[in-house]
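> Just dropping this structure here.
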Amino acid sequence: DEEIAWQAGDAGARLLVVEERTTALAERTRLALPNLPIVSVDTLDATPESMTELHLSHDPAHVLAIIYTSGTTGRPKGAMLTVGNFGGSAVGSALNLVSDASDRWLACMPLFHVGGLSILLRAAIHGFAAVVHDGFDAHAVNRALHDEGVTMLSVVAVMLQRMLDANDGRAYPSTLRCVLAGGGPVPRPLLERCATLGVPVVQTYGLTETCSQIATLAPEDALRRIGAAGRPLYPNELRVVRTSGEEADAGEAGEIVARGPVVMAGYAGQPEATARALAGGWLHTGDIGHLDADGLLYLLDRRDDLIVTGGENVYPSEVEEALLAHRWVIEAAVIGLPDSQWGQRVVA
């Protein structure tokens, strides 16, 4: 309740919409914001006679959502995402995945994450069905894929792993044509396991600040380009730059920067943070990756997670990937700890 009250105050919210199970939470929130009206969708009179006309903005610059994203320090920042951001994201996604009204896209990620919310808005824009689960349950997801005609699914790596573990080695149906895996680098052993089971995984890369995906592998490349996060979704642009700001060579690691219609308008009420993030007209993501000779993006790690030991750069995700290749290892996490001789040492 403290976090919700802070975000509602920071965003300048004028109405809090709840459902029955969150009414008590909302009432506690109102202790900090006594003038914030609360409306429950369970008691709202939704008959046609009671409904007032709803004016939806078609102005691309109009802020449609403020999604809070946590940095490495301090309070989360509210990324202001516009009508144009969501429209651009939906178009770029549809061009890459060739989605149409016959698709059924399963949303089992939280709707307060841009990855979950963007599924609903893509569905509204393109007219396909969004199948919404109340949280992630591996068995429920597998049932939806096997028995309910779900064609598209968005997950992060740990969700994908748990789905496969709960599936008892069964082949997934041909109706499942695309599983988007994002939220960070997907370990190669997991991608290879999916390939042996015929799971059409396409790795995707995006941020709250880019209204979900900004680069996604094309479905036809899913098994040919394992490990790649794909090319930028049209008409967005991605570059990898050195600390000097110069563009990195193919295969050279550097910071991923992005620009295009999916990039946020800025952080709500934080002009200095906005100026830093959007310096030079490019969104500075803080993520490390490289582009290959064909222009495909490979994601390495968060810049803040980089371990420098004895002058060498070590990416935790690469060490984790090596550990996860062993059949006895289910999960692995790698960090850097201070070391008097090497500066940092690598600890798993």
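Lettering and numbering for the structure tokens are positional, with chains as A, B, ... in the shown order, residues counted from 1 in each chain, and ligands counted from 1 in the shown order.
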As a PDB file with N, CA, C and O atoms, in the first residue's frame, please: all residues of region 114-322 of chain A that backbone DSSP puts in strand (DSSP E).

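And here is the file that came out, out-v4.pdb:
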ATOM      1  N   ALA A 129      -7.487 -11.859 -30.177  1.00  0.00           N
ATOM      2  CA  ALA A 129      -7.938 -12.138 -28.810  1.00  0.00           C
ATOM      3  C   ALA A 129      -6.769 -12.116 -27.839  1.00  0.00           C
ATOM      4  O   ALA A 129      -5.712 -12.683 -28.118  1.00  0.00           O
ATOM      5  N   ALA A 130      -6.961 -11.457 -26.712  1.00  0.00           N
ATOM      6  CA  ALA A 130      -6.020 -11.531 -25.596  1.00  0.00           C
ATOM      7  C   ALA A 130      -6.615 -12.461 -24.550  1.00  0.00           C
ATOM      8  O   ALA A 130      -7.732 -12.245 -24.073  1.00  0.00           O
ATOM      9  N   VAL A 131      -5.883 -13.530 -24.230  1.00  0.00           N
ATOM     10  CA  VAL A 131      -6.313 -14.486 -23.210  1.00  0.00           C
ATOM     11  C   VAL A 131      -5.552 -14.144 -21.936  1.00  0.00           C
ATOM     12  O   VAL A 131      -4.331 -14.287 -21.878  1.00  0.00           O
ATOM     13  N   VAL A 132      -6.246 -13.665 -20.916  1.00  0.00           N
ATOM     14  CA  VAL A 132      -5.595 -13.121 -19.725  1.00  0.00           C
ATOM     15  C   VAL A 132      -5.689 -14.106 -18.563  1.00  0.00           C
ATOM     16  O   VAL A 132      -6.782 -14.514 -18.177  1.00  0.00           O
ATOM     17  N   MET A 152       0.056 -17.425 -29.485  1.00  0.00           N
ATOM     18  CA  MET A 152       1.185 -16.556 -29.139  1.00  0.00           C
ATOM     19  C   MET A 152       1.295 -16.491 -27.623  1.00  0.00           C
ATOM     20  O   MET A 152       0.288 -16.522 -26.909  1.00  0.00           O
ATOM     21  N   LEU A 153       2.523 -16.340 -27.146  1.00  0.00           N
ATOM     22  CA  LEU A 153       2.769 -16.313 -25.712  1.00  0.00           C
ATOM     23  C   LEU A 153       3.982 -15.449 -25.434  1.00  0.00           C
ATOM     24  O   LEU A 153       4.966 -15.489 -26.170  1.00  0.00           O
ATOM     25  N   SER A 154       3.916 -14.639 -24.373  1.00  0.00           N
ATOM     26  CA  SER A 154       5.055 -13.837 -23.934  1.00  0.00           C
ATOM     27  C   SER A 154       5.492 -14.310 -22.554  1.00  0.00           C
ATOM     28  O   SER A 154       4.666 -14.424 -21.640  1.00  0.00           O
ATOM     29  N   VAL A 155       6.803 -14.587 -22.408  1.00  0.00           N
ATOM     30  CA  VAL A 155       7.334 -15.090 -21.143  1.00  0.00           C
ATOM     31  C   VAL A 155       8.723 -14.520 -20.899  1.00  0.00           C
ATOM     32  O   VAL A 155       9.329 -13.914 -21.788  1.00  0.00           O
ATOM     33  N   VAL A 156       9.234 -14.742 -19.688  1.00  0.00           N
ATOM     34  CA  VAL A 156      10.657 -14.548 -19.412  1.00  0.00           C
ATOM     35  C   VAL A 156      11.257 -15.943 -19.214  1.00  0.00           C
ATOM     36  O   VAL A 156      10.537 -16.936 -19.138  1.00  0.00           O
ATOM     37  N   CYS A 178       4.405 -18.986 -31.941  1.00  0.00           N
ATOM     38  CA  CYS A 178       5.450 -18.070 -31.498  1.00  0.00           C
ATOM     39  C   CYS A 178       5.425 -17.909 -29.981  1.00  0.00           C
ATOM     40  O   CYS A 178       4.381 -17.626 -29.398  1.00  0.00           O
ATOM     41  N   VAL A 179       6.592 -18.098 -29.362  1.00  0.00           N
ATOM     42  CA  VAL A 179       6.775 -17.808 -27.937  1.00  0.00           C
ATOM     43  C   VAL A 179       7.831 -16.715 -27.839  1.00  0.00           C
ATOM     44  O   VAL A 179       8.994 -16.926 -28.192  1.00  0.00           O
ATOM     45  N   LEU A 180       7.424 -15.534 -27.405  1.00  0.00           N
ATOM     46  CA  LEU A 180       8.361 -14.431 -27.246  1.00  0.00           C
ATOM     47  C   LEU A 180       9.001 -14.518 -25.869  1.00  0.00           C
ATOM     48  O   LEU A 180       8.296 -14.541 -24.861  1.00  0.00           O
ATOM     49  N   ALA A 181      10.322 -14.563 -25.836  1.00  0.00           N
ATOM     50  CA  ALA A 181      11.056 -14.666 -24.573  1.00  0.00           C
ATOM     51  C   ALA A 181      11.905 -13.415 -24.397  1.00  0.00           C
ATOM     52  O   ALA A 181      12.777 -13.125 -25.216  1.00  0.00           O
ATOM     53  N   GLY A 182      11.630 -12.663 -23.338  1.00  0.00           N
ATOM     54  CA  GLY A 182      12.361 -11.415 -23.093  1.00  0.00           C
ATOM     55  C   GLY A 182      12.734 -11.284 -21.640  1.00  0.00           C
ATOM     56  O   GLY A 182      12.837 -12.264 -20.909  1.00  0.00           O
ATOM     57  N   VAL A 201      10.546 -20.526 -30.111  1.00  0.00           N
ATOM     58  CA  VAL A 201      10.934 -19.393 -29.280  1.00  0.00           C
ATOM     59  C   VAL A 201      11.622 -18.333 -30.134  1.00  0.00           C
ATOM     60  O   VAL A 201      12.537 -18.636 -30.899  1.00  0.00           O
ATOM     61  N   VAL A 202      11.169 -17.095 -29.999  1.00  0.00           N
ATOM     62  CA  VAL A 202      11.902 -15.979 -30.585  1.00  0.00           C
ATOM     63  C   VAL A 202      12.313 -15.059 -29.446  1.00  0.00           C
ATOM     64  O   VAL A 202      11.487 -14.618 -28.653  1.00  0.00           O
ATOM     65  N   GLN A 203      13.609 -14.841 -29.333  1.00  0.00           N
ATOM     66  CA  GLN A 203      14.089 -13.956 -28.281  1.00  0.00           C
ATOM     67  C   GLN A 203      13.753 -12.518 -28.666  1.00  0.00           C
ATOM     68  O   GLN A 203      13.801 -12.138 -29.846  1.00  0.00           O
ATOM     69  N   THR A 204      13.382 -11.735 -27.682  1.00  0.00           N
ATOM     70  CA  THR A 204      13.003 -10.353 -27.923  1.00  0.00           C
ATOM     71  C   THR A 204      13.702  -9.464 -26.906  1.00  0.00           C
ATOM     72  O   THR A 204      14.057  -9.915 -25.810  1.00  0.00           O
ATOM     73  N   TYR A 205      13.912  -8.217 -27.278  1.00  0.00           N
ATOM     74  CA  TYR A 205      14.571  -7.266 -26.387  1.00  0.00           C
ATOM     75  C   TYR A 205      13.726  -6.008 -26.307  1.00  0.00           C
ATOM     76  O   TYR A 205      13.284  -5.461 -27.336  1.00  0.00           O
ATOM     77  N   GLY A 206      13.493  -5.558 -25.110  1.00  0.00           N
ATOM     78  CA  GLY A 206      12.733  -4.328 -24.924  1.00  0.00           C
ATOM     79  C   GLY A 206      12.853  -3.832 -23.500  1.00  0.00           C
ATOM     80  O   GLY A 206      13.439  -4.489 -22.631  1.00  0.00           O
ATOM     81  N   LEU A 207      12.297  -2.667 -23.257  1.00  0.00           N
ATOM     82  CA  LEU A 207      12.320  -2.032 -21.947  1.00  0.00           C
ATOM     83  C   LEU A 207      10.977  -1.366 -21.711  1.00  0.00           C
ATOM     84  O   LEU A 207      10.203  -1.155 -22.662  1.00  0.00           O
ATOM     85  N   SER A 212       7.709  -1.934 -24.351  1.00  0.00           N
ATOM     86  CA  SER A 212       7.912  -3.359 -24.575  1.00  0.00           C
ATOM     87  C   SER A 212       8.948  -3.572 -25.669  1.00  0.00           C
ATOM     88  O   SER A 212       9.950  -2.861 -25.716  1.00  0.00           O
ATOM     89  N   GLN A 213       8.745  -4.507 -26.577  1.00  0.00           N
ATOM     90  CA  GLN A 213       9.795  -4.939 -27.501  1.00  0.00           C
ATOM     91  C   GLN A 213      10.208  -3.842 -28.476  1.00  0.00           C
ATOM     92  O   GLN A 213       9.386  -3.107 -28.995  1.00  0.00           O
ATOM     93  N   ILE A 214      11.517  -3.749 -28.678  1.00  0.00           N
ATOM     94  CA  ILE A 214      12.036  -2.864 -29.725  1.00  0.00           C
ATOM     95  C   ILE A 214      12.839  -3.661 -30.748  1.00  0.00           C
ATOM     96  O   ILE A 214      13.007  -3.241 -31.888  1.00  0.00           O
ATOM     97  N   ALA A 215      13.314  -4.843 -30.361  1.00  0.00           N
ATOM     98  CA  ALA A 215      13.978  -5.751 -31.295  1.00  0.00           C
ATOM     99  C   ALA A 215      13.459  -7.156 -31.025  1.00  0.00           C
ATOM    100  O   ALA A 215      13.323  -7.552 -29.868  1.00  0.00           O
ATOM    101  N   THR A 216      13.156  -7.889 -32.073  1.00  0.00           N
ATOM    102  CA  THR A 216      12.639  -9.246 -31.937  1.00  0.00           C
ATOM    103  C   THR A 216      13.128 -10.081 -33.106  1.00  0.00           C
ATOM    104  O   THR A 216      13.146  -9.620 -34.247  1.00  0.00           O
ATOM    105  N   ARG A 231      16.406  -8.047 -35.059  1.00  0.00           N
ATOM    106  CA  ARG A 231      16.630  -6.698 -35.585  1.00  0.00           C
ATOM    107  C   ARG A 231      15.604  -5.741 -34.993  1.00  0.00           C
ATOM    108  O   ARG A 231      14.542  -6.163 -34.540  1.00  0.00           O
ATOM    109  N   PRO A 232      15.895  -4.441 -35.023  1.00  0.00           N
ATOM    110  CA  PRO A 232      14.907  -3.484 -34.510  1.00  0.00           C
ATOM    111  C   PRO A 232      13.611  -3.558 -35.294  1.00  0.00           C
ATOM    112  O   PRO A 232      13.622  -3.748 -36.513  1.00  0.00           O
ATOM    113  N   GLU A 237      15.292   2.263 -34.537  1.00  0.00           N
ATOM    114  CA  GLU A 237      16.725   2.109 -34.786  1.00  0.00           C
ATOM    115  C   GLU A 237      17.436   1.701 -33.499  1.00  0.00           C
ATOM    116  O   GLU A 237      17.075   2.149 -32.408  1.00  0.00           O
ATOM    117  N   LEU A 238      18.456   0.850 -33.650  1.00  0.00           N
ATOM    118  CA  LEU A 238      19.318   0.455 -32.541  1.00  0.00           C
ATOM    119  C   LEU A 238      20.767   0.655 -32.940  1.00  0.00           C
ATOM    120  O   LEU A 238      21.144   0.403 -34.088  1.00  0.00           O
ATOM    121  N   ARG A 239      21.575   1.108 -31.997  1.00  0.00           N
ATOM    122  CA  ARG A 239      23.014   1.174 -32.182  1.00  0.00           C
ATOM    123  C   ARG A 239      23.678   0.609 -30.932  1.00  0.00           C
ATOM    124  O   ARG A 239      23.072   0.558 -29.860  1.00  0.00           O
ATOM    125  N   VAL A 240      24.918   0.172 -31.078  1.00  0.00           N
ATOM    126  CA  VAL A 240      25.751  -0.220 -29.937  1.00  0.00           C
ATOM    127  C   VAL A 240      26.938   0.731 -29.928  1.00  0.00           C
ATOM    128  O   VAL A 240      27.622   0.886 -30.944  1.00  0.00           O
ATOM    129  N   VAL A 241      27.149   1.414 -28.791  1.00  0.00           N
ATOM    130  CA  VAL A 241      28.170   2.457 -28.739  1.00  0.00           C
ATOM    131  C   VAL A 241      29.179   2.182 -27.633  1.00  0.00           C
ATOM    132  O   VAL A 241      28.880   1.542 -26.625  1.00  0.00           O
ATOM    133  N   GLY A 254      29.086  -3.113 -26.323  1.00  0.00           N
ATOM    134  CA  GLY A 254      28.918  -1.728 -25.913  1.00  0.00           C
ATOM    135  C   GLY A 254      27.503  -1.501 -25.421  1.00  0.00           C
ATOM    136  O   GLY A 254      26.697  -2.445 -25.324  1.00  0.00           O
ATOM    137  N   GLU A 255      27.184  -0.239 -25.097  1.00  0.00           N
ATOM    138  CA  GLU A 255      25.843   0.079 -24.611  1.00  0.00           C
ATOM    139  C   GLU A 255      24.863   0.142 -25.774  1.00  0.00           C
ATOM    140  O   GLU A 255      25.148   0.720 -26.822  1.00  0.00           O
ATOM    141  N   ILE A 256      23.687  -0.439 -25.568  1.00  0.00           N
ATOM    142  CA  ILE A 256      22.619  -0.387 -26.567  1.00  0.00           C
ATOM    143  C   ILE A 256      21.884   0.940 -26.424  1.00  0.00           C
ATOM    144  O   ILE A 256      21.443   1.309 -25.333  1.00  0.00           O
ATOM    145  N   VAL A 257      21.765   1.684 -27.538  1.00  0.00           N
ATOM    146  CA  VAL A 257      20.980   2.913 -27.558  1.00  0.00           C
ATOM    147  C   VAL A 257      19.908   2.769 -28.639  1.00  0.00           C
ATOM    148  O   VAL A 257      20.091   2.031 -29.611  1.00  0.00           O
ATOM    149  N   ALA A 258      18.794   3.447 -28.455  1.00  0.00           N
ATOM    150  CA  ALA A 258      17.648   3.259 -29.344  1.00  0.00           C
ATOM    151  C   ALA A 258      16.940   4.577 -29.604  1.00  0.00           C
ATOM    152  O   ALA A 258      16.960   5.489 -28.770  1.00  0.00           O
ATOM    153  N   ARG A 259      16.304   4.655 -30.781  1.00  0.00           N
ATOM    154  CA  ARG A 259      15.399   5.762 -31.046  1.00  0.00           C
ATOM    155  C   ARG A 259      14.319   5.287 -32.010  1.00  0.00           C
ATOM    156  O   ARG A 259      14.488   4.301 -32.718  1.00  0.00           O
ATOM    157  N   GLY A 266       9.386  10.468 -21.777  1.00  0.00           N
ATOM    158  CA  GLY A 266      10.250  10.886 -20.672  1.00  0.00           C
ATOM    159  C   GLY A 266       9.745  10.309 -19.369  1.00  0.00           C
ATOM    160  O   GLY A 266       8.776   9.546 -19.338  1.00  0.00           O
ATOM    161  N   TYR A 267      10.414  10.688 -18.274  1.00  0.00           N
ATOM    162  CA  TYR A 267      10.005  10.243 -16.944  1.00  0.00           C
ATOM    163  C   TYR A 267       9.145  11.327 -16.301  1.00  0.00           C
ATOM    164  O   TYR A 267       9.510  12.507 -16.301  1.00  0.00           O
ATOM    165  N   LEU A 283      17.738   6.923 -26.706  1.00  0.00           N
ATOM    166  CA  LEU A 283      17.520   6.354 -25.378  1.00  0.00           C
ATOM    167  C   LEU A 283      18.733   5.524 -24.994  1.00  0.00           C
ATOM    168  O   LEU A 283      19.089   4.568 -25.684  1.00  0.00           O
ATOM    169  N   HIS A 284      19.372   5.899 -23.892  1.00  0.00           N
ATOM    170  CA  HIS A 284      20.526   5.163 -23.392  1.00  0.00           C
ATOM    171  C   HIS A 284      20.019   4.106 -22.409  1.00  0.00           C
ATOM    172  O   HIS A 284      19.590   4.424 -21.306  1.00  0.00           O
ATOM    173  N   THR A 285      20.081   2.839 -22.841  1.00  0.00           N
ATOM    174  CA  THR A 285      19.374   1.784 -22.121  1.00  0.00           C
ATOM    175  C   THR A 285      20.100   1.278 -20.884  1.00  0.00           C
ATOM    176  O   THR A 285      19.475   0.712 -19.989  1.00  0.00           O
ATOM    177  N   GLY A 286      21.438   1.431 -20.842  1.00  0.00           N
ATOM    178  CA  GLY A 286      22.195   0.832 -19.752  1.00  0.00           C
ATOM    179  C   GLY A 286      22.421  -0.652 -19.936  1.00  0.00           C
ATOM    180  O   GLY A 286      23.017  -1.308 -19.081  1.00  0.00           O
ATOM    181  N   ASP A 287      21.977  -1.204 -21.070  1.00  0.00           N
ATOM    182  CA  ASP A 287      22.191  -2.619 -21.368  1.00  0.00           C
ATOM    183  C   ASP A 287      23.390  -2.784 -22.291  1.00  0.00           C
ATOM    184  O   ASP A 287      23.678  -1.919 -23.122  1.00  0.00           O
ATOM    185  N   ILE A 288      24.079  -3.912 -22.149  1.00  0.00           N
ATOM    186  CA  ILE A 288      25.257  -4.216 -22.956  1.00  0.00           C
ATOM    187  C   ILE A 288      24.906  -5.293 -23.981  1.00  0.00           C
ATOM    188  O   ILE A 288      24.265  -6.295 -23.649  1.00  0.00           O
ATOM    189  N   GLY A 289      25.322  -5.084 -25.214  1.00  0.00           N
ATOM    190  CA  GLY A 289      25.099  -6.070 -26.254  1.00  0.00           C
ATOM    191  C   GLY A 289      26.049  -5.837 -27.402  1.00  0.00           C
ATOM    192  O   GLY A 289      26.929  -4.968 -27.339  1.00  0.00           O
ATOM    193  N   HIS A 290      25.886  -6.609 -28.469  1.00  0.00           N
ATOM    194  CA  HIS A 290      26.639  -6.347 -29.681  1.00  0.00           C
ATOM    195  C   HIS A 290      25.784  -6.681 -30.895  1.00  0.00           C
ATOM    196  O   HIS A 290      24.812  -7.452 -30.799  1.00  0.00           O
ATOM    197  N   LEU A 291      26.111  -6.079 -32.018  1.00  0.00           N
ATOM    198  CA  LEU A 291      25.456  -6.365 -33.287  1.00  0.00           C
ATOM    199  C   LEU A 291      26.390  -7.229 -34.124  1.00  0.00           C
ATOM    200  O   LEU A 291      27.604  -6.974 -34.166  1.00  0.00           O
ATOM    201  N   LEU A 297      20.937  -8.173 -33.102  1.00  0.00           N
ATOM    202  CA  LEU A 297      21.352  -7.801 -31.755  1.00  0.00           C
ATOM    203  C   LEU A 297      21.516  -9.039 -30.884  1.00  0.00           C
ATOM    204  O   LEU A 297      20.670  -9.943 -30.890  1.00  0.00           O
ATOM    205  N   TYR A 298      22.614  -9.061 -30.122  1.00  0.00           N
ATOM    206  CA  TYR A 298      22.836 -10.081 -29.103  1.00  0.00           C
ATOM    207  C   TYR A 298      22.958  -9.360 -27.768  1.00  0.00           C
ATOM    208  O   TYR A 298      23.803  -8.470 -27.612  1.00  0.00           O
ATOM    209  N   LEU A 299      22.129  -9.739 -26.815  1.00  0.00           N
ATOM    210  CA  LEU A 299      22.109  -9.096 -25.502  1.00  0.00           C
ATOM    211  C   LEU A 299      23.065  -9.818 -24.577  1.00  0.00           C
ATOM    212  O   LEU A 299      23.049 -11.049 -24.474  1.00  0.00           O
ATOM    213  N   LEU A 300      23.924  -9.047 -23.883  1.00  0.00           N
ATOM    214  CA  LEU A 300      24.908  -9.634 -22.979  1.00  0.00           C
ATOM    215  C   LEU A 300      24.509  -9.474 -21.514  1.00  0.00           C
ATOM    216  O   LEU A 300      24.405 -10.450 -20.789  1.00  0.00           O
ATOM    217  N   ASP A 301      24.280  -8.250 -21.066  1.00  0.00           N
ATOM    218  CA  ASP A 301      23.987  -8.050 -19.649  1.00  0.00           C
ATOM    219  C   ASP A 301      23.626  -6.590 -19.403  1.00  0.00           C
ATOM    220  O   ASP A 301      23.749  -5.741 -20.291  1.00  0.00           O
ATOM    221  N   ARG A 302      23.215  -6.324 -18.168  1.00  0.00           N
ATOM    222  CA  ARG A 302      23.079  -4.944 -17.721  1.00  0.00           C
ATOM    223  C   ARG A 302      24.467  -4.374 -17.475  1.00  0.00           C
ATOM    224  O   ARG A 302      25.345  -5.057 -16.947  1.00  0.00           O
ATOM    225  N   ILE A 307      31.198  -7.390 -14.318  1.00  0.00           N
ATOM    226  CA  ILE A 307      32.239  -7.659 -13.334  1.00  0.00           C
ATOM    227  C   ILE A 307      33.591  -7.379 -13.986  1.00  0.00           C
ATOM    228  O   ILE A 307      33.873  -7.898 -15.062  1.00  0.00           O
ATOM    229  N   VAL A 308      34.389  -6.543 -13.355  1.00  0.00           N
ATOM    230  CA  VAL A 308      35.743  -6.267 -13.856  1.00  0.00           C
ATOM    231  C   VAL A 308      36.722  -6.918 -12.893  1.00  0.00           C
ATOM    232  O   VAL A 308      36.876  -6.483 -11.753  1.00  0.00           O
ATOM    233  N   THR A 309      37.384  -7.955 -13.359  1.00  0.00           N
ATOM    234  CA  THR A 309      38.302  -8.712 -12.506  1.00  0.00           C
ATOM    235  C   THR A 309      39.663  -8.781 -13.179  1.00  0.00           C
ATOM    236  O   THR A 309      39.787  -9.277 -14.298  1.00  0.00           O
ATOM    237  N   GLU A 312      39.816  -7.535 -16.702  1.00  0.00           N
ATOM    238  CA  GLU A 312      39.004  -8.215 -17.712  1.00  0.00           C
ATOM    239  C   GLU A 312      37.517  -8.003 -17.422  1.00  0.00           C
ATOM    240  O   GLU A 312      37.088  -8.077 -16.259  1.00  0.00           O
ATOM    241  N   ASN A 313      36.749  -7.780 -18.484  1.00  0.00           N
ATOM    242  CA  ASN A 313      35.303  -7.671 -18.342  1.00  0.00           C
ATOM    243  C   ASN A 313      34.676  -9.061 -18.376  1.00  0.00           C
ATOM    244  O   ASN A 313      34.900  -9.828 -19.314  1.00  0.00           O
ATOM    245  N   VAL A 314      33.882  -9.361 -17.364  1.00  0.00           N
ATOM    246  CA  VAL A 314      33.170 -10.634 -17.305  1.00  0.00           C
ATOM    247  C   VAL A 314      31.672 -10.344 -17.223  1.00  0.00           C
ATOM    248  O   VAL A 314      31.230  -9.607 -16.342  1.00  0.00           O
TER     249      VAL A 314
END
> In Å, how far is it from CA of Leu64 (chain A) to CA of Gly280 (chain A)?
24.7 Å
> Quick one: everything within 7 Å of Thr151 (chain A), counting only C-alpha atoms, minus sequence neighbours fewer than 2 positions away in the same chain. Send it as a PyMOL selection string.
chain A and resi 103-105+149+153+175-178
> Distance table requested - region 172-246 of chain A against region 315-337 of chain A, cut-off 12 Å, only C-alpha atoms: one row per qualifying residue with the closest atom pair and its distance in Å to one decimal, ordered by chain and rising residue number, as CSV.

residue,atom,partner,partner_atom,distance
A:Gly184,CA,A:Ser317,CA,9.1
A:Pro185,CA,A:Ser317,CA,7.1
A:Val186,CA,A:Glu321,CA,8.6
A:Pro187,CA,A:Glu321,CA,5.2
A:Arg188,CA,A:Glu321,CA,6.5
A:Pro189,CA,A:Ala325,CA,5.4
A:Leu190,CA,A:Leu324,CA,8.3
A:Leu191,CA,A:Glu321,CA,10.8
A:Glu192,CA,A:Ala325,CA,9.9
A:Arg193,CA,A:Ala325,CA,10.3
A:Gly227,CA,A:Glu321,CA,11.1
> Go ahead and save the picked residues with N, CA, C and O atoms, as a PDB file, in the first residue's frame.

ATOM      1  N   GLY A 184      15.570 -10.158 -20.494  1.00  0.00           N
ATOM      2  CA  GLY A 184      16.992 -10.386 -20.273  1.00  0.00           C
ATOM      3  C   GLY A 184      17.469 -11.521 -21.156  1.00  0.00           C
ATOM      4  O   GLY A 184      16.678 -12.171 -21.841  1.00  0.00           O
ATOM      5  N   PRO A 185      18.782 -11.767 -21.161  1.00  0.00           N
ATOM      6  CA  PRO A 185      19.306 -12.843 -22.006  1.00  0.00           C
ATOM      7  C   PRO A 185      18.707 -14.189 -21.617  1.00  0.00           C
ATOM      8  O   PRO A 185      18.600 -14.515 -20.434  1.00  0.00           O
ATOM      9  N   VAL A 186      18.295 -14.963 -22.613  1.00  0.00           N
ATOM     10  CA  VAL A 186      17.776 -16.313 -22.364  1.00  0.00           C
ATOM     11  C   VAL A 186      18.937 -17.295 -22.501  1.00  0.00           C
ATOM     12  O   VAL A 186      19.618 -17.303 -23.527  1.00  0.00           O
ATOM     13  N   PRO A 187      19.209 -18.099 -21.469  1.00  0.00           N
ATOM     14  CA  PRO A 187      20.361 -19.017 -21.537  1.00  0.00           C
ATOM     15  C   PRO A 187      20.286 -19.935 -22.760  1.00  0.00           C
ATOM     16  O   PRO A 187      19.228 -20.494 -23.064  1.00  0.00           O
ATOM     17  N   ARG A 188      21.408 -20.076 -23.445  1.00  0.00           N
ATOM     18  CA  ARG A 188      21.448 -20.917 -24.646  1.00  0.00           C
ATOM     19  C   ARG A 188      20.966 -22.346 -24.384  1.00  0.00           C
ATOM     20  O   ARG A 188      20.233 -22.910 -25.212  1.00  0.00           O
ATOM     21  N   PRO A 189      21.344 -22.982 -23.242  1.00  0.00           N
ATOM     22  CA  PRO A 189      20.838 -24.347 -23.019  1.00  0.00           C
ATOM     23  C   PRO A 189      19.313 -24.428 -23.023  1.00  0.00           C
ATOM     24  O   PRO A 189      18.740 -25.410 -23.494  1.00  0.00           O
ATOM     25  N   LEU A 190      18.647 -23.396 -22.513  1.00  0.00           N
ATOM     26  CA  LEU A 190      17.185 -23.385 -22.516  1.00  0.00           C
ATOM     27  C   LEU A 190      16.657 -23.238 -23.941  1.00  0.00           C
ATOM     28  O   LEU A 190      15.692 -23.908 -24.337  1.00  0.00           O
ATOM     29  N   LEU A 191      17.285 -22.373 -24.734  1.00  0.00           N
ATOM     30  CA  LEU A 191      16.864 -22.209 -26.127  1.00  0.00           C
ATOM     31  C   LEU A 191      17.064 -23.505 -26.913  1.00  0.00           C
ATOM     32  O   LEU A 191      16.225 -23.877 -27.741  1.00  0.00           O
ATOM     33  N   GLU A 192      18.167 -24.187 -26.640  1.00  0.00           N
ATOM     34  CA  GLU A 192      18.428 -25.447 -27.344  1.00  0.00           C
ATOM     35  C   GLU A 192      17.437 -26.528 -26.921  1.00  0.00           C
ATOM     36  O   GLU A 192      17.005 -27.352 -27.739  1.00  0.00           O
ATOM     37  N   ARG A 193      17.060 -26.525 -25.650  1.00  0.00           N
ATOM     38  CA  ARG A 193      16.043 -27.466 -25.178  1.00  0.00           C
ATOM     39  C   ARG A 193      14.713 -27.218 -25.880  1.00  0.00           C
ATOM     40  O   ARG A 193      14.028 -28.151 -26.295  1.00  0.00           O
ATOM     41  N   GLY A 227      20.006 -17.427 -29.785  1.00  0.00           N
ATOM     42  CA  GLY A 227      20.787 -16.487 -28.979  1.00  0.00           C
ATOM     43  C   GLY A 227      20.623 -15.046 -29.399  1.00  0.00           C
ATOM     44  O   GLY A 227      20.906 -14.134 -28.622  1.00  0.00           O
TER      45      GLY A 227
END
> Excluding Val83 (chain A) and its own-chain neighbours fewer than 2 positions away, which residues fall within 8 Å of it when counting only C-alpha atoms? Please give them as a list in words.
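Those residues are Ser57, His58, Asp59, Pro60, Ala61, His62, Val63, Leu64, Leu81, Asn85, Phe86 and Gly87 of chain A.
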